[in-house]
Structure formats: structure tokens, C-alpha cells
file model_1.cif (mmCIF, C-alpha atoms and all ligand atoms)
data_model
#
loop_
_atom_site.label_atom_id
_atom_site.label_comp_id
_atom_site.auth_asym_id
_atom_site.auth_seq_id
_atom_site.Cartn_x
_atom_site.Cartn_y
_atom_site.Cartn_z
CA MET A 1357 34.10 108.14 133.14
CA ALA A 1358 35.03 110.92 130.80
CA GLU A 1359 31.87 110.65 128.81
CA LYS A 1360 31.26 113.58 126.53
CA ILE A 1361 28.52 114.82 124.36
CA THR A 1362 29.45 114.29 120.75
CA PRO A 1363 30.56 117.66 119.47
CA HIS A 1364 29.16 119.15 116.35
CA GLN A 1365 31.31 118.60 113.36
CA LYS A 1366 32.74 121.95 112.53
CA ASP A 1367 35.96 123.74 111.98
CA SER A 1368 38.16 124.80 114.80
CA ILE A 1369 38.23 128.47 115.57
CA LEU A 1370 41.61 130.03 115.15
CA VAL A 1371 42.58 132.41 117.91
CA ASN A 1372 45.56 134.67 117.97
CA ASN A 1373 45.53 135.37 121.66
CA ILE A 1374 46.78 133.56 124.75
CA LYS A 1375 43.24 132.66 125.69
CA ALA A 1376 40.15 131.85 123.73
CA VAL A 1377 36.92 133.62 124.54
CA CYS A 1378 33.65 131.82 124.02
CA ASN A 1379 30.18 133.02 124.83
CA GLY A 1380 28.29 130.47 122.82
CA PRO A 1381 25.46 130.92 120.40
CA LYS A 1382 23.07 133.79 120.88
CA GLU A 1383 20.08 133.17 123.13
CA SER A 1384 21.88 130.42 124.98
CA LYS A 1385 22.68 130.23 128.67
CA HIS A 1386 26.31 129.86 127.84
CA PRO A 1387 28.30 132.24 130.05
CA LYS A 1388 31.23 134.11 128.65
CA VAL A 1389 34.26 132.02 129.38
CA TYR A 1390 37.95 132.41 128.89
CA LEU A 1391 39.65 129.20 127.91
CA LYS A 1392 43.30 128.60 128.45
CA PHE A 1393 45.07 126.75 125.70
CA GLU A 1394 46.78 123.47 126.28
CA ASN A 1395 49.04 122.31 123.51
CA LYS A 1396 47.65 125.10 121.39
CA GLN A 1397 44.13 123.85 121.52
CA VAL A 1398 41.16 123.89 123.83
CA THR A 1399 37.57 122.79 123.71
CA CYS A 1400 34.81 124.83 125.29
CA PRO A 1401 33.12 122.76 128.01
CA TYR A 1402 29.80 124.47 127.38
CA CYS A 1403 29.29 124.25 123.66
CA GLY A 1404 32.06 122.01 122.43
CA ASN A 1405 33.64 124.59 120.19
CA ASP A 1406 37.19 123.74 119.32
CA PHE A 1407 39.70 126.52 119.44
CA LYS A 1408 43.16 126.44 118.01
CA GLN A 1409 45.85 128.85 118.94
CA SER A 1410 47.50 130.66 116.09
CA ASP A 1411 51.22 130.32 115.65
CA ARG A 1412 51.43 134.08 115.57
CA VAL A 1413 50.62 134.52 119.22
CA ASP A 1414 53.13 136.38 121.26
CA ASN A 1415 53.56 134.27 124.36
CA ASN A 1416 56.09 136.54 125.97
CA LEU A 1417 54.42 137.66 129.14
ZN ZN B 1 31.46 127.79 124.16
#

call {"tool": "encode", "arguments": {"input": "model_1.cif", "output": "C-alpha cells"}}
result
Amino acid sequence: MAEKITPHQKDSILVNNIKAVCNGPKESKHPKVYLKFENKQVTCPYCGNDFKQSDRVDNNL
């Protein structure tokens, strides 16, 4: 049911913001997306990039 394309093996991208921004590799059809973190991590549904939220993020909004 939740079948996924095997992601490329690479390091997670550390983000020190409340949302991750991903626009994929150049010359791709990947739109610019804002990804909301869940449990301090999120995976881009377009390219499979893993993002990790930095501990230094100020979550006071
Ligand atoms: Zn992406």
C-alpha cells in the first residue's frame, strides 16, 4: 500500500527553520515545496531528500 521508491543513500539535510524548503535538483520538474517537520524530520515526496530539523530552531510562534 505504502510502496515507495527506494531513496538514494545520502545524508539528511539539516535545516534550522520550522519548515524545510526543497526544489529538487536543477533541470528537474520538481516544484518548490515547503515541508513541515514531523518529529523533527521530513522526507520530500518528490525527490526523497531527507531533512532533519536542527535543535537550534526557535519554535516559539
Ligand atoms: Zn525534493

call {"tool": "residues_around", "arguments": {"input": "model_1.cif", "residues": "segment 1372-1376 of chain A", "least_positions_apart": "2", "cutoff": "10 Å", "atoms": "only C-alpha atoms", "output": "number ranges by chain"}}
result
A: 1369-1370, 1378, 1389-1394, 1396-1400, 1406-1417

call {"tool": "closest_atom_pairs", "arguments": {"input": "model_1.cif", "of": "chain A", "to": "ligand ZN 1 (chain B)", "cutoff": "7 Å", "atoms": "all atoms listed in the file", "output": "Markdown table"}}
result
| residue | atom | partner | partner_atom | distance |
| --- | --- | --- | --- | --- |
| A:Cys1378 | CA | B:ZN1 | ZN | 4.6 |
| A:Asn1379 | CA | B:ZN1 | ZN | 5.4 |
| A:Gly1380 | CA | B:ZN1 | ZN | 4.4 |
| A:His1386 | CA | B:ZN1 | ZN | 6.7 |
| A:Cys1400 | CA | B:ZN1 | ZN | 4.6 |
| A:Pro1401 | CA | B:ZN1 | ZN | 6.5 |
| A:Tyr1402 | CA | B:ZN1 | ZN | 4.9 |
| A:Cys1403 | CA | B:ZN1 | ZN | 4.2 |
| A:Gly1404 | CA | B:ZN1 | ZN | 6.1 |
| A:Asn1405 | CA | B:ZN1 | ZN | 5.5 |

call {"tool": "axis_aligned_box", "arguments": {"input": "model_1.cif", "around": "segment 1383-1395 of chain A", "padding_each_side": "3 Å", "output": "JSON"}}
result
{"center_x": 34.6, "center_y": 128.2, "center_z": 126.6, "size_x": 35.0, "size_y": 17.8, "size_z": 12.9}
